[in-house]
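Asks: Got a file for you: coords-v8.pdb, PDB, C-alpha atoms.
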ATOM      1  CA  ALA A 987      -0.725 -27.049   7.070
ATOM      2  CA  GLN A 988       0.033 -24.409   9.644
ATOM      3  CA  SER A 989      -2.567 -23.300  12.178
ATOM      4  CA  VAL A 990      -2.760 -21.135  15.286
ATOM      5  CA  SER A 991      -4.871 -21.433  18.437
ATOM      6  CA  GLN A 992      -5.610 -18.630  20.836
ATOM      7  CA  HIS A 993      -7.566 -20.053  23.727
ATOM      8  CA  ASN A 994      -8.488 -16.831  25.496
ATOM      9  CA  HIS A 995     -11.194 -15.064  23.533
ATOM     10  CA  HIS A 996     -11.954 -12.270  25.953
ATOM     11  CA  VAL A 997      -9.838 -11.188  28.911
ATOM     12  CA  ILE A 998     -10.764  -8.521  31.437
ATOM     13  CA  LEU A 999      -8.080  -7.147  33.752
ATOM     14  CA  SER A1000      -7.697  -4.267  36.136
ATOM     15  CA  GLU A1001      -4.925  -1.752  35.551
ATOM     16  CA  ALA A1002      -1.533  -2.895  36.910
ATOM     17  CA  ALA A1003      -2.487  -6.576  36.656
ATOM     18  CA  SER A1004      -0.151  -8.910  34.824
ATOM     19  CA  LEU A1005      -1.098 -10.275  31.429
ATOM     20  CA  GLU A1006      -0.421 -13.539  29.698
ATOM     21  CA  LEU A1007      -2.163 -14.465  26.452
ATOM     22  CA  GLY A1008      -1.772 -17.961  25.117
ATOM     23  CA  CYS A1009      -0.801 -18.881  21.573
ATOM     24  CA  ASN A1010      -0.135 -22.369  20.268
ATOM     25  CA  TYR A1011       0.703 -23.236  16.694
ATOM     26  CA  SER A1012       0.620 -26.398  14.703
ATOM     27  CA  TYR A1013       3.477 -27.022  12.272
ATOM     28  CA  GLY A1014       6.259 -29.546  12.396
ATOM     29  CA  GLY A1015       9.007 -27.442  10.882
ATOM     30  CA  THR A1016      10.718 -24.150  11.546
ATOM     31  CA  VAL A1017       8.447 -21.164  12.014
ATOM     32  CA  ASN A1018       8.430 -17.408  12.275
ATOM     33  CA  LEU A1019       6.025 -16.080  14.897
ATOM     34  CA  PHE A1020       4.273 -12.753  15.354
ATOM     35  CA  TRP A1021       1.970 -10.890  17.691
ATOM     36  CA  TYR A1022      -0.109  -8.080  16.239
ATOM     37  CA  VAL A1023      -2.388  -5.643  18.025
ATOM     38  CA  GLN A1024      -5.456  -3.799  16.810
ATOM     39  CA  TYR A1025      -6.460  -0.800  18.922
ATOM     40  CA  PRO A1026     -10.058   0.350  18.537
ATOM     41  CA  GLY A1027     -10.510   2.000  15.153
ATOM     42  CA  GLN A1028      -6.893   1.507  14.127
ATOM     43  CA  HIS A1029      -4.850  -0.642  11.752
ATOM     44  CA  LEU A1030      -3.320  -3.908  12.806
ATOM     45  CA  GLN A1031       0.246  -3.235  13.873
ATOM     46  CA  LEU A1032       3.172  -5.399  14.880
ATOM     47  CA  LEU A1033       3.874  -5.860  18.593
ATOM     48  CA  LEU A1034       6.813  -8.236  18.265
ATOM     49  CA  LYS A1035       8.223 -11.037  16.155
ATOM     50  CA  TYR A1036      10.424 -14.089  16.505
ATOM     51  CA  PHE A1037      12.621 -15.393  13.712
ATOM     52  CA  SER A1038      15.609 -16.959  15.417
ATOM     53  CA  GLY A1039      17.980 -16.564  18.344
ATOM     54  CA  ASP A1040      16.882 -15.665  21.856
ATOM     55  CA  PRO A1041      13.455 -17.226  22.419
ATOM     56  CA  LEU A1042      12.469 -14.350  24.703
ATOM     57  CA  VAL A1043      11.459 -11.508  22.444
ATOM     58  CA  LYS A1044      10.775  -7.957  23.542
ATOM     59  CA  GLY A1045       8.387  -5.729  21.651
ATOM     60  CA  ILE A1046       6.840  -2.312  21.845
ATOM     61  CA  LYS A1047       5.017  -0.878  24.866
ATOM     62  CA  GLY A1048       6.591  -3.274  27.360
ATOM     63  CA  PHE A1049       5.278  -6.475  25.785
ATOM     64  CA  GLU A1050       7.341  -9.625  25.513
ATOM     65  CA  ALA A1051       6.784 -13.165  24.271
ATOM     66  CA  GLU A1052       8.553 -16.436  24.815
ATOM     67  CA  PHE A1053       8.938 -19.082  22.130
ATOM     68  CA  ILE A1054       8.898 -22.569  23.639
ATOM     69  CA  LYS A1055       9.571 -24.954  20.780
ATOM     70  CA  SER A1056       8.780 -28.110  22.742
ATOM     71  CA  LYS A1057       5.325 -26.754  23.558
ATOM     72  CA  PHE A1058       4.688 -25.137  20.160
ATOM     73  CA  SER A1059       3.832 -22.003  22.090
ATOM     74  CA  PHE A1060       4.472 -18.274  21.804
ATOM     75  CA  ASN A1061       2.695 -16.654  24.737
ATOM     76  CA  LEU A1062       2.465 -12.891  25.082
ATOM     77  CA  ARG A1063       3.175 -11.246  28.437
ATOM     78  CA  LYS A1064       3.163  -7.859  30.062
ATOM     79  CA  PRO A1065       3.947  -7.363  33.753
ATOM     80  CA  SER A1066       1.554  -4.461  34.320
ATOM     81  CA  VAL A1067      -1.224  -3.520  31.912
ATOM     82  CA  GLN A1068      -2.602  -0.041  31.348
ATOM     83  CA  TRP A1069      -6.022   1.121  30.229
ATOM     84  CA  SER A1070      -4.440   2.028  26.882
ATOM     85  CA  ASP A1071      -3.645  -1.675  26.275
ATOM     86  CA  THR A1072      -7.341  -2.296  25.637
ATOM     87  CA  ALA A1073      -7.275  -3.835  22.166
ATOM     88  CA  GLU A1074      -7.530  -7.081  20.237
ATOM     89  CA  TYR A1075      -4.375  -9.185  20.056
ATOM     90  CA  PHE A1076      -3.581 -11.651  17.294
ATOM     91  CA  CYS A1077      -0.944 -14.341  17.147
ATOM     92  CA  ALA A1078       0.322 -15.391  13.698
ATOM     93  CA  VAL A1079       2.618 -18.070  12.271
ATOM     94  CA  ASN A1080       4.614 -18.363   9.085
ATOM     95  CA  ALA A1081       6.226 -21.653   8.080
ATOM     96  CA  ARG A1082       9.808 -20.925   7.146
ATOM     97  CA  GLY A1083      10.340 -20.987   3.407
ATOM     98  CA  TYR A1084       6.720 -20.198   2.584
ATOM     99  CA  GLN A1085       5.049 -16.822   2.151
ATOM    100  CA  LYS A1086       1.753 -17.644   3.860
ATOM    101  CA  VAL A1087       0.881 -16.157   7.261
ATOM    102  CA  THR A1088      -1.903 -17.709   9.321
ATOM    103  CA  PHE A1089      -3.584 -15.843  12.170
ATOM    104  CA  GLY A1090      -5.359 -16.992  15.278
ATOM    105  CA  THR A1091      -8.884 -15.978  16.188
ATOM    106  CA  GLY A1092      -7.698 -13.146  18.397
ATOM    107  CA  THR A1093      -8.058 -12.199  22.069
ATOM    108  CA  LYS A1094      -9.964  -9.115  23.119
ATOM    109  CA  LEU A1095      -8.340  -7.504  26.123
ATOM    110  CA  GLN A1096     -10.319  -5.052  28.207
ATOM    111  CA  VAL A1097      -8.422  -3.179  30.891
ATOM    112  CA  ILE A1098     -10.533  -1.564  33.586
ATOM    113  CA  PRO A1099      -9.166   1.614  35.163
TER     114      PRO A1099
ATOM    115  CA  ASP B 921       6.931   4.642   6.762
ATOM    116  CA  VAL B 922       5.316   1.818   4.895
ATOM    117  CA  LYS B 923       1.945   2.711   3.599
ATOM    118  CA  VAL B 924      -0.764   0.305   2.523
ATOM    119  CA  THR B 925      -3.869   1.972   1.201
ATOM    120  CA  GLN B 926      -7.223   0.497   0.335
ATOM    121  CA  SER B 927      -9.577   2.084  -2.150
ATOM    122  CA  SER B 928     -12.610   2.379   0.132
ATOM    123  CA  ARG B 929     -13.241   2.369   3.871
ATOM    124  CA  TYR B 930     -16.906   1.493   3.477
ATOM    125  CA  LEU B 931     -18.717  -0.159   0.600
ATOM    126  CA  VAL B 932     -22.341  -1.232   0.173
ATOM    127  CA  LYS B 933     -23.239  -3.558  -2.680
ATOM    128  CA  ARG B 934     -26.193  -5.647  -3.756
ATOM    129  CA  THR B 935     -26.293  -9.413  -4.041
ATOM    130  CA  GLY B 936     -24.993 -10.536  -7.418
ATOM    131  CA  GLU B 937     -22.920  -7.435  -8.109
ATOM    132  CA  LYS B 938     -19.266  -7.693  -9.099
ATOM    133  CA  VAL B 939     -17.100  -6.023  -6.497
ATOM    134  CA  PHE B 940     -13.520  -4.808  -6.787
ATOM    135  CA  LEU B 941     -11.386  -4.030  -3.750
ATOM    136  CA  GLU B 942      -8.094  -2.356  -4.497
ATOM    137  CA  CYS B 943      -4.935  -2.286  -2.423
ATOM    138  CA  VAL B 944      -1.732  -0.337  -3.078
ATOM    139  CA  GLN B 945       1.564  -0.478  -1.194
ATOM    140  CA  ASP B 946       4.454   1.928  -1.560
ATOM    141  CA  MET B 947       7.392  -0.096  -0.225
ATOM    142  CA  ASP B 948       8.231  -2.308  -3.188
ATOM    143  CA  HIS B 949       7.166  -5.387  -1.206
ATOM    144  CA  GLU B 950       7.201  -8.758  -2.895
ATOM    145  CA  ASN B 951       4.235 -10.174  -0.997
ATOM    146  CA  MET B 952       0.664  -8.969  -0.796
ATOM    147  CA  PHE B 953      -2.250 -10.558   1.051
ATOM    148  CA  TRP B 954      -6.009 -10.348   1.348
ATOM    149  CA  TYR B 955      -7.710 -11.351   4.602
ATOM    150  CA  ARG B 956     -11.232 -11.097   5.863
ATOM    151  CA  GLN B 957     -11.823 -10.296   9.514
ATOM    152  CA  ASP B 958     -14.985 -11.499  11.242
ATOM    153  CA  PRO B 959     -15.830 -11.358  14.967
ATOM    154  CA  GLY B 960     -14.710 -14.506  16.712
ATOM    155  CA  LEU B 961     -12.996 -15.867  13.617
ATOM    156  CA  GLY B 962      -9.935 -13.630  13.526
ATOM    157  CA  LEU B 963      -8.204 -13.013  10.214
ATOM    158  CA  ARG B 964      -8.685 -15.620   7.537
ATOM    159  CA  LEU B 965      -6.448 -15.628   4.482
ATOM    160  CA  ILE B 966      -8.282 -15.427   1.165
ATOM    161  CA  TYR B 967      -5.408 -15.162  -1.322
ATOM    162  CA  PHE B 968      -1.836 -14.023  -1.378
ATOM    163  CA  SER B 969       0.667 -13.093  -4.046
ATOM    164  CA  TYR B 970       4.439 -13.429  -3.839
ATOM    165  CA  ASP B 971       5.223 -11.776  -7.177
ATOM    166  CA  VAL B 972       3.571  -9.980 -10.060
ATOM    167  CA  LYS B 973       1.002 -12.225 -11.748
ATOM    168  CA  MET B 974       1.643 -14.943  -9.154
ATOM    169  CA  LYS B 975      -1.056 -15.900  -6.674
ATOM    170  CA  GLU B 976      -1.840 -18.655  -4.257
ATOM    171  CA  LYS B 977      -5.065 -19.634  -2.591
ATOM    172  CA  GLY B 978      -5.337 -19.057   1.102
ATOM    173  CA  ASP B 979      -7.695 -20.815   3.457
ATOM    174  CA  ILE B 980     -11.009 -19.442   2.161
ATOM    175  CA  PRO B 981     -10.665 -18.621  -1.558
ATOM    176  CA  GLU B 982     -14.148 -19.720  -2.631
ATOM    177  CA  GLY B 983     -16.150 -16.906  -4.168
ATOM    178  CA  TYR B 984     -13.097 -14.680  -4.620
ATOM    179  CA  SER B 985     -10.423 -14.061  -7.218
ATOM    180  CA  VAL B 986      -7.405 -11.754  -7.281
ATOM    181  CA  SER B 987      -5.275  -9.859  -9.722
ATOM    182  CA  ARG B 988      -1.737  -8.558  -9.462
ATOM    183  CA  GLU B 989      -0.672  -6.894 -12.679
ATOM    184  CA  LYS B 990       1.765  -4.484 -11.020
ATOM    185  CA  LYS B 991       3.986  -5.048  -8.015
ATOM    186  CA  GLU B 992       2.395  -2.310  -5.926
ATOM    187  CA  ARG B 993      -1.246  -3.207  -6.565
ATOM    188  CA  PHE B 994      -3.299  -6.221  -5.503
ATOM    189  CA  SER B 995      -6.997  -6.444  -6.270
ATOM    190  CA  LEU B 996      -9.626  -8.659  -4.699
ATOM    191  CA  ILE B 997     -12.640  -9.476  -6.853
ATOM    192  CA  LEU B 998     -15.982 -10.803  -5.760
ATOM    193  CA  GLU B 999     -17.444 -12.104  -9.015
ATOM    194  CA  SER B1000     -20.999 -12.247  -7.674
ATOM    195  CA  ALA B1001     -21.328 -10.805  -4.202
ATOM    196  CA  SER B1002     -23.375 -12.699  -1.640
ATOM    197  CA  THR B1003     -24.602 -11.688   1.799
ATOM    198  CA  ASN B1004     -22.173 -14.083   3.488
ATOM    199  CA  GLN B1005     -19.335 -11.998   2.065
ATOM    200  CA  THR B1006     -20.324  -9.079   4.266
ATOM    201  CA  SER B1007     -17.150  -8.548   6.260
ATOM    202  CA  MET B1008     -14.101  -6.391   6.952
ATOM    203  CA  TYR B1009     -11.454  -6.944   4.282
ATOM    204  CA  LEU B1010      -7.824  -6.291   5.160
ATOM    205  CA  CYS B1011      -4.950  -5.976   2.743
ATOM    206  CA  ALA B1012      -1.339  -6.471   3.834
ATOM    207  CA  SER B1013       2.086  -6.414   2.259
ATOM    208  CA  SER B1014       5.508  -7.653   3.300
ATOM    209  CA  GLY B1015       9.006  -8.268   2.138
ATOM    210  CA  VAL B1016      10.150 -11.845   1.797
ATOM    211  CA  LEU B1017       9.128 -13.644   4.978
ATOM    212  CA  GLY B1018      11.907 -15.449   6.772
ATOM    213  CA  GLU B1019      14.273 -12.520   6.276
ATOM    214  CA  GLY B1020      13.077 -10.754   9.389
ATOM    215  CA  ASN B1021      10.143  -9.098   7.646
ATOM    216  CA  GLU B1022       6.650  -8.618   8.945
ATOM    217  CA  GLN B1023       3.347  -7.692   7.344
ATOM    218  CA  PHE B1024       2.015  -4.139   7.138
ATOM    219  CA  PHE B1025      -1.731  -3.707   7.051
ATOM    220  CA  GLY B1026      -4.095  -1.273   5.414
ATOM    221  CA  PRO B1027      -7.033   0.354   7.220
ATOM    222  CA  GLY B1028      -9.552  -2.172   5.920
ATOM    223  CA  THR B1029     -12.683  -2.007   3.787
ATOM    224  CA  ARG B1030     -15.966  -2.747   5.488
ATOM    225  CA  LEU B1031     -18.129  -4.356   2.830
ATOM    226  CA  THR B1032     -21.858  -4.807   3.294
ATOM    227  CA  VAL B1033     -23.730  -6.940   0.777
ATOM    228  CA  LEU B1034     -27.497  -6.420   0.833
TER     229      LEU B1034
END
Go through the file and emit its structure as structure tokens.
Replies:
Amino acid sequence: AQSVSQHNHHVILSEAASLELGCNYSYGGTVNLFWYVQYPGQHLQLLLKYFSGDPLVKGIKGFEAEFIKSKFSFNLRKPSVQWSDTAEYFCAVNARGYQKVTFGTGTKLQVIP
Amino acid sequence: DVKVTQSSRYLVKRTGEKVFLECVQDMDHENMFWYRQDPGLGLRLIYFSYDVKMKEKGDIPEGYSVSREKKERFSLILESASTNQTSMYLCASSGVLGEGNEQFFGPGTRLTVL
């Protein structure tokens, strides 16, 4: 069975600081990987996704993530956060060939002006 | 733009009542999903459907059932609501996963069971 771990539950950063949120998944086969974001009072929306090819994936709003297969990881990064990045971030995994998507417990990011 | 709509934003029900949560998507997506979102627990998959009349249990199906009679509509049913089912319920839809598709989410229904 697939599963996802997000080890940082709550992160507080000052504006312009760099961000890295951890995501590890558990599944022995090929996976599709996602990061979603939920801004206060808004729907969950896709930040970026990895299906194949270049393991460094770029998403919206300057976010990127790197898929490291040997570490079963898909960490999210942003070089310089803004106050508007305050949100909850979710990592998700889909085992290739199946239609089930499993989410992590989420990381709340608070950016202080 | 893909649109996923849910029948109610807020719902208050009493213990033992039968509760229906409706979800409609307008993009002809094959897959539809029901999650519940609780603080500290993230999104947990209740049920999903990959085709009309087809359904599969997710990670926490107990106390819930689903119905998908039409491709665009996916209903979540709480046969006898209990207080531990107080939660935010999120519906999502997607094309076939593995073909570069992602999920699109509705605004959620905040259900309170008294």
Asks: List, as number ranges by chain, every residue that the ChimeraX specification (/A :<6) & /B selects in the file provided.
Replies: B: 961-963, 1017-1018, 1025, 1027
Asks: For CA of Ala1012 (chain B) and CA of Glu1052 (chain A), determine how far apart the two atoms are, in Å to one decimal place.
Replies: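 Computing the Euclidean distance for CA of Ala1012 (chain B) and CA of Glu1052 (chain A) yields 25.2 Å.
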Asks: Please report the interatomic distance between CA of Leu1010 (chain B) and CA of Leu1042 (chain A) in Å with one decimal.
Replies: 29.3 Å
Asks: Please evaluate the PyMOL selection byres ((chain B and resi 969) around 8) against the displayed coordinates and give the resulting residues as a PyMOL selection string.
Replies: chain B and resi 950-953+967-968+970-976+988
Asks: Go ahead and dump the residues you just picked, C-alpha atoms, as an mmCIF file, in the coordinates of the input.
Replies:
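Generated output (again23.cif):
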data_model
loop_
_atom_site.group_PDB
_atom_site.id
_atom_site.type_symbol
_atom_site.label_atom_id
_atom_site.label_comp_id
_atom_site.auth_asym_id
_atom_site.auth_seq_id
_atom_site.Cartn_x
_atom_site.Cartn_y
_atom_site.Cartn_z
ATOM 1 C CA GLU B 950 7.201 -8.758 -2.895
ATOM 2 C CA ASN B 951 4.235 -10.174 -0.997
ATOM 3 C CA MET B 952 0.664 -8.969 -0.796
ATOM 4 C CA PHE B 953 -2.250 -10.558 1.051
ATOM 5 C CA TYR B 967 -5.408 -15.162 -1.322
ATOM 6 C CA PHE B 968 -1.836 -14.023 -1.378
ATOM 7 C CA TYR B 970 4.439 -13.429 -3.839
ATOM 8 C CA ASP B 971 5.223 -11.776 -7.177
ATOM 9 C CA VAL B 972 3.571 -9.980 -10.060
ATOM 10 C CA LYS B 973 1.002 -12.225 -11.748
ATOM 11 C CA MET B 974 1.643 -14.943 -9.154
ATOM 12 C CA LYS B 975 -1.056 -15.900 -6.674
ATOM 13 C CA GLU B 976 -1.840 -18.655 -4.257
ATOM 14 C CA ARG B 988 -1.737 -8.558 -9.462
#
Asks: Given only C-alpha atoms as the basis, pick out the residue of B:His949, B:Arg934, B:Lys923, B:Arg964 nearest to Leu998 (chain B).
Replies: B:Arg934
Asks: Have a look at B:Lys938, B:Cys943, B:Leu1031, B:Leu931 and name the one nearest to Ser995 (chain B); count all atoms listed in the file.
Replies: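 Checking each of B:Lys938, B:Cys943, B:Leu1031, B:Leu931 against Ser995 (chain B), counting all atoms listed in the file, the winner is B:Cys943.
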Asks: Go through B:Val1016, B:Ile997, B:Glu989, B:Gly1028 and flag the residue nearest Ile966 (chain B), using all atoms listed in the file for the distances.
Replies: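 Of the candidates, the smallest distance to Ile966 (chain B) is held by B:Ile997.
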